[in-house]
>>> print(open('coords.csv').read())   # CSV, C-alpha atoms
chain,number,residue,atom,x,y,z
A,1,MET,CA,-8.2,20.4,-2.0
A,2,LYS,CA,-7.1,21.9,-5.3
A,3,LYS,CA,-4.6,24.2,-3.6
A,4,THR,CA,-3.4,21.8,-0.9
A,5,PHE,CA,-2.8,18.8,-3.2
A,6,PRO,CA,0.0,20.2,-5.4
A,7,ILE,CA,1.8,21.6,-2.3
A,8,PHE,CA,1.6,18.3,-0.6
A,9,ALA,CA,2.7,16.5,-3.8
A,10,ILE,CA,5.7,18.7,-4.3
A,11,ALA,CA,6.7,18.3,-0.6
A,12,THR,CA,6.3,14.5,-0.9
A,13,LEU,CA,8.5,14.5,-3.9
A,14,GLY,CA,11.2,16.4,-2.1
A,15,LEU,CA,10.9,14.1,0.9
A,16,LEU,CA,11.2,11.0,-1.3
A,17,SER,CA,14.4,12.4,-2.9
A,18,TYR,CA,16.0,13.3,0.4
A,19,ALA,CA,15.0,9.9,1.8
A,20,LEU,CA,16.7,8.2,-1.2
A,21,TYR,CA,19.8,10.3,-0.5
A,22,GLN,CA,19.7,9.3,3.1
A,23,ALA,CA,19.4,5.6,2.2
A,24,LEU,CA,22.1,5.5,-0.5
A,25,VAL,CA,24.6,8.1,0.7
A,26,VAL,CA,24.3,9.1,4.3
A,27,ALA,CA,23.5,5.8,6.0
A,28,PRO,CA,26.7,3.8,6.7
A,29,THR,CA,27.4,0.6,4.9
A,30,GLU,CA,26.6,-2.5,7.0
A,31,VAL,CA,29.7,-4.5,7.9
A,32,THR,CA,28.6,-8.1,7.0
A,33,MET,CA,26.1,-7.6,4.2
A,34,GLY,CA,27.6,-4.5,2.5
A,35,ASN,CA,25.5,-2.3,0.2
A,36,VAL,CA,22.7,-4.8,-0.3
A,37,GLN,CA,21.5,-4.0,3.3
A,38,ARG,CA,20.3,-0.6,2.0
A,39,ILE,CA,17.3,-2.5,0.6
A,40,PHE,CA,16.2,-2.3,4.3
A,41,TYR,CA,15.4,1.4,3.9
A,42,TYR,CA,12.7,0.6,1.3
A,43,HIS,CA,11.6,-2.8,2.7
A,44,LEU,CA,10.9,-1.8,6.3
A,45,PRO,CA,9.1,1.5,5.7
A,46,SER,CA,7.0,-0.1,2.9
A,47,ALA,CA,5.9,-2.8,5.4
A,48,TRP,CA,5.0,-0.3,8.1
A,49,VAL,CA,3.0,1.8,5.6
A,50,ALA,CA,1.2,-1.3,4.4
A,51,PHE,CA,0.3,-2.1,8.0
A,52,ALA,CA,-0.9,1.4,8.6
A,53,MET,CA,-3.0,1.3,5.4
A,54,PHE,CA,-4.6,-2.0,6.5
A,55,PHE,CA,-5.3,-0.5,9.9
A,56,VAL,CA,-7.1,2.5,8.2
A,57,ASN,CA,-9.0,0.0,6.1
A,58,PHE,CA,-10.0,-1.9,9.3
A,59,LEU,CA,-11.2,1.3,11.0
A,60,ALA,CA,-13.1,2.5,7.9
A,61,SER,CA,-14.7,-0.9,7.5
A,62,ILE,CA,-16.0,-0.9,11.2
A,63,TRP,CA,-17.2,2.7,10.6
A,64,TYR,CA,-19.0,1.6,7.4
A,65,LEU,CA,-20.8,-1.3,9.1
A,66,ALA,CA,-21.9,1.0,11.9
A,67,LYS,CA,-22.9,4.1,9.9
A,68,ARG,CA,-23.1,3.0,6.2
A,69,THR,CA,-21.5,6.2,5.0
A,70,ALA,CA,-20.2,6.5,1.4
A,71,GLY,CA,-17.0,8.2,2.7
A,72,SER,CA,-16.0,5.3,5.0
A,73,ASP,CA,-16.6,2.8,2.2
A,74,ALA,CA,-14.4,4.9,-0.2
A,75,LEU,CA,-11.7,5.3,2.4
A,76,ALA,CA,-11.7,1.5,3.0
A,77,LEU,CA,-11.3,0.8,-0.7
A,78,ALA,CA,-8.6,3.5,-1.1
A,79,SER,CA,-6.5,2.3,1.9
A,80,ALA,CA,-6.8,-1.4,0.9
A,81,GLU,CA,-5.6,-0.6,-2.6
A,82,VAL,CA,-2.6,1.4,-1.5
A,83,GLY,CA,-1.9,-1.2,1.3
A,84,VAL,CA,-1.7,-3.9,-1.4
A,85,VAL,CA,0.8,-1.7,-3.4
A,86,PHE,CA,3.1,-1.4,-0.4
A,87,CYS,CA,2.7,-5.0,0.6
A,88,THR,CA,3.6,-6.1,-3.0
A,89,ILE,CA,6.8,-4.1,-2.6
A,90,VAL,CA,7.6,-5.8,0.7
A,91,LEU,CA,7.1,-9.2,-1.0
A,92,LEU,CA,9.3,-8.3,-3.9
A,93,THR,CA,12.1,-6.5,-2.1
A,94,GLY,CA,12.3,-9.2,0.5
A,95,PRO,CA,13.4,-12.0,-1.8
A,96,ILE,CA,15.7,-9.7,-3.7
A,97,TRP,CA,17.5,-9.0,-0.4
A,98,ALA,CA,17.3,-12.6,0.7
A,99,ARG,CA,19.0,-14.1,-2.3
A,100,PRO,CA,22.5,-12.6,-1.8
A,101,VAL,CA,22.2,-12.8,2.0
A,102,TRP,CA,20.5,-16.1,2.7
A,103,GLY,CA,21.3,-17.8,-0.6
A,104,ILE,CA,17.6,-18.4,-1.3
A,105,TRP,CA,14.8,-16.3,-2.7
A,106,TRP,CA,12.1,-17.6,-0.5
A,107,THR,CA,11.4,-19.9,2.5
A,108,TRP,CA,8.1,-20.9,4.1
A,109,ASP,CA,8.9,-19.5,7.5
A,110,ALA,CA,6.2,-17.8,9.7
A,111,ARG,CA,7.0,-14.2,8.7
A,112,LEU,CA,7.2,-14.7,5.0
A,113,THR,CA,4.2,-17.0,4.8
A,114,SER,CA,2.0,-14.8,7.0
A,115,THR,CA,2.9,-11.8,4.9
A,116,LEU,CA,2.0,-13.6,1.7
A,117,VAL,CA,-1.3,-14.6,3.3
A,118,LEU,CA,-1.9,-11.0,4.2
A,119,TRP,CA,-1.3,-9.9,0.6
A,120,LEU,CA,-3.7,-12.6,-0.6
A,121,ILE,CA,-6.4,-11.5,1.8
A,122,TYR,CA,-6.4,-7.9,0.6
A,123,VAL,CA,-6.1,-9.0,-3.0
A,124,ALA,CA,-9.2,-11.1,-2.4
A,125,TYR,CA,-10.8,-8.1,-0.8
A,126,LEU,CA,-10.1,-5.9,-3.9
A,127,MET,CA,-11.3,-8.7,-6.3
A,128,LEU,CA,-14.5,-9.0,-4.3
A,129,ARG,CA,-15.1,-5.2,-4.6
A,130,ARG,CA,-14.2,-5.2,-8.3
A,131,PHE,CA,-16.1,-8.3,-9.5
A,132,ALA,CA,-19.1,-8.9,-7.1
A,133,SER,CA,-22.3,-7.2,-8.1
A,134,GLY,CA,-25.2,-6.2,-5.8
A,135,GLY,CA,-25.9,-3.8,-3.0
A,136,GLN,CA,-24.4,-6.1,-0.3
A,137,THR,CA,-20.8,-6.0,-1.8
A,138,PRO,CA,-19.5,-3.2,0.4
A,139,VAL,CA,-21.0,-4.9,3.5
A,140,LEU,CA,-19.4,-8.3,2.6
A,141,ALA,CA,-16.1,-6.5,1.8
A,142,ALA,CA,-16.2,-4.7,5.2
A,143,ALA,CA,-16.7,-7.9,7.0
A,144,LEU,CA,-13.8,-9.6,5.1
A,145,ALA,CA,-11.6,-6.6,5.9
A,146,ILE,CA,-12.3,-6.8,9.7
A,147,PHE,CA,-11.5,-10.5,9.8
A,148,GLY,CA,-8.6,-10.0,7.4
A,149,PHE,CA,-6.9,-7.5,9.6
A,150,VAL,CA,-6.3,-10.2,12.2
A,151,ASP,CA,-3.4,-11.3,10.1
A,152,VAL,CA,-1.5,-8.0,10.6
A,153,PRO,CA,-0.6,-8.6,14.3
A,154,ILE,CA,0.2,-12.2,13.3
A,155,VAL,CA,2.7,-10.9,10.7
A,156,TYR,CA,4.2,-8.5,13.2
A,157,LEU,CA,4.5,-10.9,16.0
A,158,SER,CA,5.6,-13.9,13.9
A,159,ILE,CA,9.3,-13.2,14.4
A,160,ARG,CA,8.8,-13.1,18.2
A,161,PHE,CA,6.7,-16.2,18.5
A,162,PHE,CA,8.4,-18.5,16.0
A,163,ARG,CA,11.9,-19.3,15.0
A,164,THR,CA,12.3,-17.8,11.6
A,165,GLN,CA,14.8,-17.3,8.8
A,166,HIS,CA,13.7,-13.7,8.8
A,167,PRO,CA,15.8,-11.6,11.3
A,168,GLN,CA,14.5,-10.8,14.8
A,169,PRO,CA,13.0,-7.3,15.4
A,170,VAL,CA,15.3,-4.3,15.4
A,171,ILE,CA,12.9,-2.4,17.7
A,172,GLY,CA,12.5,-3.9,21.2
A,173,GLY,CA,14.2,-7.0,20.0
A,174,GLY,CA,16.2,-7.5,23.2
A,175,PRO,CA,19.9,-7.4,23.9
A,176,GLY,CA,22.1,-7.1,20.8
A,177,SER,CA,19.3,-5.7,18.7
A,178,GLY,CA,19.1,-2.1,17.4
A,179,LEU,CA,20.6,0.0,14.7
A,180,ASP,CA,23.4,2.5,14.2
A,181,PRO,CA,21.8,6.0,14.9
A,182,ARG,CA,22.7,7.1,11.3
A,183,MET,CA,20.8,4.0,10.0
A,184,TRP,CA,17.8,5.0,12.2
A,185,THR,CA,17.8,8.5,10.7
A,186,ALA,CA,17.7,7.0,7.2
A,187,VAL,CA,14.8,4.6,8.3
A,188,LEU,CA,12.8,7.5,9.7
A,189,TRP,CA,13.3,9.7,6.7
A,190,ASN,CA,12.2,6.9,4.4
A,191,LEU,CA,9.3,6.1,6.7
A,192,ALA,CA,8.1,9.7,6.6
A,193,ALA,CA,8.5,9.9,2.8
A,194,PHE,CA,6.6,6.7,2.1
A,195,ALA,CA,3.9,7.6,4.7
A,196,ALA,CA,3.4,10.9,3.0
A,197,TYR,CA,3.4,9.3,-0.5
A,198,GLY,CA,0.9,6.6,0.7
A,199,SER,CA,-1.3,9.3,2.2
A,200,LEU,CA,-1.2,11.2,-1.1
A,201,LEU,CA,-2.3,8.0,-3.0
A,202,VAL,CA,-5.1,7.3,-0.5
A,203,TRP,CA,-6.3,10.9,-0.8
A,204,THR,CA,-6.3,10.7,-4.6
A,205,ARG,CA,-8.0,7.3,-4.7
A,206,TYR,CA,-10.6,8.3,-2.0
A,207,HIS,CA,-11.7,11.3,-4.1
A,208,MET,CA,-11.8,9.2,-7.2
A,209,ALA,CA,-14.0,6.6,-5.5
A,210,MET,CA,-16.3,9.3,-4.3
A,211,VAL,CA,-16.7,10.7,-7.8
A,212,GLU,CA,-17.1,7.2,-9.3
A,213,ARG,CA,-20.0,6.7,-6.8
A,214,GLN,CA,-21.6,9.9,-8.0
A,215,VAL,CA,-21.2,8.9,-11.6
A,216,GLU,CA,-22.8,5.5,-10.9
A,217,GLU,CA,-25.7,7.2,-9.1
A,218,ALA,CA,-26.2,9.6,-12.0
A,219,HIS,CA,-26.2,6.7,-14.5
A,220,ALA,CA,-28.8,4.9,-12.3
A,221,GLN,CA,-30.9,8.1,-12.2
A,222,ARG,CA,-30.7,8.4,-16.0
A,223,ALA,CA,-31.7,4.8,-16.5
A,224,LEU,CA,-34.7,5.3,-14.1
A,225,GLU,CA,-35.8,8.4,-15.9
A,226,SER,CA,-35.5,6.8,-19.3
A,227,ASP,CA,-37.5,3.7,-18.0
A,228,GLU,CA,-40.2,6.1,-16.7
A,229,GLY,CA,-40.3,7.9,-20.1
A,230,ALA,CA,-40.7,4.6,-22.0
A,231,ASP,CA,-43.6,3.6,-19.7
A,232,GLN,CA,-45.6,6.8,-20.3
B,1,MET,CA,29.4,-2.9,-9.5
B,2,THR,CA,29.5,-5.8,-7.0
B,3,ASN,CA,26.9,-8.6,-6.8
B,4,GLY,CA,25.3,-6.9,-3.8
B,5,ASP,CA,25.0,-3.6,-5.6
B,6,LYS,CA,23.1,-5.4,-8.5
B,7,PHE,CA,20.5,-6.7,-6.0
B,8,LEU,CA,20.2,-3.3,-4.3
B,9,PHE,CA,19.7,-1.6,-7.7
B,10,ALA,CA,17.1,-4.3,-8.6
B,11,ALA,CA,15.2,-3.8,-5.4
B,12,TYR,CA,15.0,0.0,-5.8
B,13,VAL,CA,14.0,-0.3,-9.5
B,14,VAL,CA,11.3,-2.9,-8.7
B,15,THR,CA,9.9,-0.6,-5.9
B,16,TRP,CA,9.6,2.3,-8.2
B,17,ALA,CA,8.3,0.2,-11.1
B,18,VAL,CA,5.4,-0.9,-8.8
B,19,HIS,CA,4.7,2.7,-7.7
B,20,ILE,CA,4.8,4.0,-11.3
B,21,GLY,CA,2.6,1.1,-12.4
B,22,TYR,CA,0.0,2.1,-9.8
B,23,LEU,CA,0.2,5.8,-10.8
B,24,LEU,CA,-0.4,4.8,-14.4
B,25,TYR,CA,-3.4,2.7,-13.3
B,26,LEU,CA,-4.8,5.7,-11.3
B,27,THR,CA,-4.2,8.0,-14.3
B,28,GLY,CA,-6.0,5.7,-16.7
B,29,ARG,CA,-8.9,5.4,-14.2
B,30,ALA,CA,-9.1,9.2,-13.8
B,31,ARG,CA,-9.1,9.6,-17.6
B,32,ARG,CA,-12.0,7.1,-18.0
B,33,LEU,CA,-13.9,8.8,-15.2
B,34,ARG,CA,-13.5,12.3,-16.9
B,35,SER,CA,-14.8,11.0,-20.2
B,36,GLU,CA,-17.8,9.3,-18.4
B,37,ILE,CA,-18.6,12.6,-16.7
B,38,ARG,CA,-18.3,14.4,-20.1
B,39,ASP,CA,-20.8,11.8,-21.6
B,40,LEU,CA,-23.2,12.3,-18.8
B,41,GLU,CA,-23.1,16.1,-19.2
B,42,ARG,CA,-23.7,15.8,-23.0
B,43,LYS,CA,-26.8,13.5,-22.6
>>> encode(input="coords.csv", output="structure tokens")
Amino acid sequence: MKKTFPIFAIATLGLLSYALYQALVVAPTEVTMGNVQRIFYYHLPSAWVAFAMFFVNFLASIWYLAKRTAGSDALALASAEVGVVFCTIVLLTGPIWARPVWGIWWTWDARLTSTLVLWLIYVAYLMLRRFASGGQTPVLAAALAIFGFVDVPIVYLSIRFFRTQHPQPVIGGGPGSGLDPRMWTAVLWNLAAFAAYGSLLVWTRYHMAMVERQVEEAHAQRALESDEGADQ
Amino acid sequence: MTNGDKFLFAAYVVTWAVHIGYLLYLTGRARRLRSEIRDLERK
């Protein structure tokens, strides 16, 4: 890990820089919205990475309930935390884009509301993990994560099932949907860059959670030894 | 700078502010963890 991490980190930094260049310079300016449409290159990849992180959290939570391994619990925590970071960016960049284009910061349509609910579910998950005490906390958190993940397909499908202020899907959205190929290139570069960056964060947070667990166990062991010493 | 450019700039700044904030949180957590490990080793 010590050798691979810096190489991966440097590659990710390069990828992020090139993706930024793609978004700001290479991608063509959209005709009706102008430059503000370039928010799309951060908004959409951030949403996809958040969904991917919540999916990892979902799988790790199922694995934890089935096997009760420390690794799956640490992975669930790490992916939820990074997912919330990316989901926060989606919820912040969306209104900043909406204001000049729609004339409003926010509207309670199905896509925006379900995304806010998704963010609240995973914030609640992290608060449960942070503040609840007792050995059953990871089990409760895993159960919450499995039910919480139900909101991800709801967010994704909301623009297909409901009439929303949010635009219709650009992928498989039917006739008239789609993107200029140069815009697609910029989307894919940014998606690759943010996916790599998100993976790097999960990797870091996962190892940190594993070490924290070992430290907690060492503290408990010390406390037990000192109790036994006092009894004798 | 047009009005749209200002919103574009704001969105990119906000994105990186959130990412940098999370990196700072991770750095602080790692520092605390390292000092805890040092304390454990000393005892």
>>> closest_residue(input="coords.csv", among="A:His43, A:Thr69, A:Leu20, A:Ala132", to="Met210 of chain A", atoms="all atoms listed in the file")
A:Thr69
>>> closest_residue(input="coords.csv", among="A:Tyr64, A:Tyr41, A:Tyr206, A:Trp97", to="Leu8 of chain B", atoms="all atoms listed in the file")
A:Trp97
>>> closest_residue(input="coords.csv", among="A:Trp189, A:Trp105, A:Tyr156, A:Trp184", to="Leu92 of chain A", atoms="only C-alpha atoms")
A:Trp105
>>> atom_distance(input="coords.csv", atom1="atom CA of Tyr42 of chain A", atom2="atom CA of Tyr12 of chain B")
7.5 Å
>>> closest_atom_pairs(input="coords.csv", of="chain A", to="chain B", cutoff="7 Å", atoms="all atoms listed in the file", output="CSV")
residue,atom,partner,partner_atom,distance
A:Asn35,CA,B:Asp5,CA,6.0
A:Val36,CA,B:Gly4,CA,4.8
A:Arg38,CA,B:Leu8,CA,6.9
A:Ile39,CA,B:Leu8,CA,5.7
A:Ile89,CA,B:Thr15,CA,5.7
A:Thr93,CA,B:Ala11,CA,5.3
A:Ile96,CA,B:Phe7,CA,6.1
A:Trp97,CA,B:Phe7,CA,6.8
A:Pro100,CA,B:Gly4,CA,6.7
A:Glu212,CA,B:Leu33,CA,6.9
A:Val215,CA,B:Ile37,CA,6.8
>>> residues_around(input="coords.csv", residues="Gly148 of chain A", least_positions_apart="4", cutoff="8 Å", atoms="all atoms listed in the file", output="PyMOL selection string")
chain A and resi 118+121-122+144
>>> write_last_selection(input="coords.csv", atoms="C-alpha atoms", output="PDB file, in the coordinates of the input")
ATOM      1  CA  LEU A 118      -1.900 -11.000   4.200  1.00  0.00           C
ATOM      2  CA  ILE A 121      -6.400 -11.500   1.800  1.00  0.00           C
ATOM      3  CA  TYR A 122      -6.400  -7.900   0.600  1.00  0.00           C
ATOM      4  CA  LEU A 144     -13.800  -9.600   5.100  1.00  0.00           C
TER       5      LEU A 144
END
>>> residues_around(input="coords.csv", residues="Val56 of chain A", least_positions_apart="6", cutoff="8 Å", atoms="all atoms listed in the file", output="ChimeraX atom specification")
/A:75-76,79
>>> atom_distance(input="coords.csv", atom1="atom CA of Arg111 of chain A", atom2="atom CA of Val25 of chain A")
29.5 Å
>>> residues_around(input="coords.csv", residues="Val49 of chain A", least_positions_apart="6", cutoff="8 Å", atoms="only C-alpha atoms", output="list in words")
Gly83, Phe86, Leu191, Phe194, Ala195 and Gly198 of chain A
>>> atom_distance(input="coords.csv", atom1="atom CA of Ala141 of chain A", atom2="atom CA of His207 of chain A")
19.3 Å
>>> residues_near_point(input="coords.csv", point="(12.0, -24.8, 6.8)", cutoff="10 Å", atoms="only C-alpha atoms", output="mmCIF file with C-alpha atoms, in the coordinates of the input")
data_model
loop_
_atom_site.group_PDB
_atom_site.id
_atom_site.type_symbol
_atom_site.label_atom_id
_atom_site.label_comp_id
_atom_site.auth_asym_id
_atom_site.auth_seq_id
_atom_site.Cartn_x
_atom_site.Cartn_y
_atom_site.Cartn_z
ATOM 1 C CA THR A 107 11.400 -19.900 2.500
ATOM 2 C CA TRP A 108 8.100 -20.900 4.100
ATOM 3 C CA ASP A 109 8.900 -19.500 7.500
ATOM 4 C CA ALA A 110 6.200 -17.800 9.700
ATOM 5 C CA ARG A 163 11.900 -19.300 15.000
ATOM 6 C CA THR A 164 12.300 -17.800 11.600
ATOM 7 C CA GLN A 165 14.800 -17.300 8.800
#
>>> residues_around(input="coords.csv", residues="Arg182 of chain A", least_positions_apart="5", cutoff="12 Å", atoms="only C-alpha atoms", output="VMD selection string")
chain A and resid 22 to 30 41 187 to 189
>>> closest_residue(input="coords.csv", among="A:Ala11, A:Ala70, A:Leu140, A:Val155", to="Ala47 of chain A", atoms="only C-alpha atoms")
A:Val155
>>> build_atoms(input="coords.csv", residues="segment 9-39 of chain B", atoms="N, CA and C atoms", output="compact mmCIF listing (two decimals), in the coordinates of the input")
# COMPACT_ATOMS: atom_id res chain seq x y z
N PHE B 9 20.22 -2.37 -6.56
CA PHE B 9 19.70 -1.60 -7.70
C PHE B 9 18.35 -2.26 -8.14
N ALA B 10 18.32 -3.60 -8.22
CA ALA B 10 17.10 -4.30 -8.60
C ALA B 10 15.94 -4.01 -7.68
N ALA B 11 16.22 -4.02 -6.37
CA ALA B 11 15.20 -3.80 -5.40
C ALA B 11 14.57 -2.38 -5.51
N TYR B 12 15.45 -1.39 -5.71
CA TYR B 12 15.00 0.00 -5.80
C TYR B 12 14.20 0.20 -7.13
N VAL B 13 14.69 -0.42 -8.20
CA VAL B 13 14.00 -0.30 -9.50
C VAL B 13 12.62 -0.98 -9.41
N VAL B 14 12.56 -2.17 -8.80
CA VAL B 14 11.30 -2.90 -8.70
C VAL B 14 10.29 -2.04 -7.83
N THR B 15 10.78 -1.44 -6.74
CA THR B 15 9.90 -0.60 -5.90
C THR B 15 9.28 0.51 -6.72
N TRP B 16 10.12 1.22 -7.48
CA TRP B 16 9.60 2.30 -8.20
C TRP B 16 8.77 1.90 -9.46
N ALA B 17 9.07 0.72 -9.97
CA ALA B 17 8.30 0.20 -11.10
C ALA B 17 6.83 -0.09 -10.57
N VAL B 18 6.72 -0.65 -9.35
CA VAL B 18 5.40 -0.90 -8.80
C VAL B 18 4.65 0.40 -8.55
N HIS B 19 5.35 1.38 -7.96
CA HIS B 19 4.70 2.70 -7.70
C HIS B 19 4.27 3.37 -9.00
N ILE B 20 5.15 3.35 -10.00
CA ILE B 20 4.80 4.00 -11.30
C ILE B 20 3.65 3.25 -11.94
N GLY B 21 3.66 1.91 -11.85
CA GLY B 21 2.60 1.10 -12.40
C GLY B 21 1.23 1.52 -11.76
N TYR B 22 1.23 1.69 -10.45
CA TYR B 22 0.00 2.10 -9.80
C TYR B 22 -0.42 3.51 -10.17
N LEU B 23 0.55 4.41 -10.32
CA LEU B 23 0.20 5.80 -10.80
C LEU B 23 -0.39 5.77 -12.14
N LEU B 24 0.14 4.91 -13.03
CA LEU B 24 -0.40 4.80 -14.40
C LEU B 24 -1.85 4.27 -14.33
N TYR B 25 -2.06 3.28 -13.46
CA TYR B 25 -3.40 2.70 -13.30
C TYR B 25 -4.38 3.82 -12.82
N LEU B 26 -3.94 4.64 -11.84
CA LEU B 26 -4.80 5.70 -11.30
C LEU B 26 -5.07 6.76 -12.44
N THR B 27 -4.03 7.06 -13.23
CA THR B 27 -4.20 8.00 -14.30
C THR B 27 -5.22 7.54 -15.34
N GLY B 28 -5.11 6.28 -15.72
CA GLY B 28 -6.00 5.70 -16.70
C GLY B 28 -7.47 5.71 -16.14
N ARG B 29 -7.61 5.39 -14.89
CA ARG B 29 -8.90 5.40 -14.20
C ARG B 29 -9.53 6.78 -14.20
N ALA B 30 -8.68 7.77 -13.88
CA ALA B 30 -9.10 9.20 -13.80
C ALA B 30 -9.57 9.64 -15.22
N ARG B 31 -8.81 9.22 -16.24
CA ARG B 31 -9.10 9.60 -17.60
C ARG B 31 -10.51 9.04 -18.03
N ARG B 32 -10.72 7.75 -17.71
CA ARG B 32 -12.00 7.10 -18.00
C ARG B 32 -13.15 7.81 -17.30
N LEU B 33 -12.89 8.17 -16.05
CA LEU B 33 -13.90 8.80 -15.20
C LEU B 33 -14.28 10.19 -15.82
N ARG B 34 -13.26 10.93 -16.26
CA ARG B 34 -13.50 12.30 -16.90
C ARG B 34 -14.33 12.13 -18.12
N SER B 35 -14.02 11.12 -18.95
CA SER B 35 -14.80 11.00 -20.20
C SER B 35 -16.23 10.53 -19.89
N GLU B 36 -16.41 9.74 -18.83
CA GLU B 36 -17.80 9.30 -18.40
C GLU B 36 -18.57 10.55 -17.97
N ILE B 37 -17.91 11.43 -17.21
CA ILE B 37 -18.60 12.60 -16.70
C ILE B 37 -18.98 13.53 -17.93
N ARG B 38 -18.06 13.63 -18.91
CA ARG B 38 -18.30 14.40 -20.10
C ARG B 38 -19.56 13.85 -20.85
N ASP B 39 -19.61 12.50 -20.96
CA ASP B 39 -20.80 11.80 -21.60
C ASP B 39 -22.05 12.12 -20.91
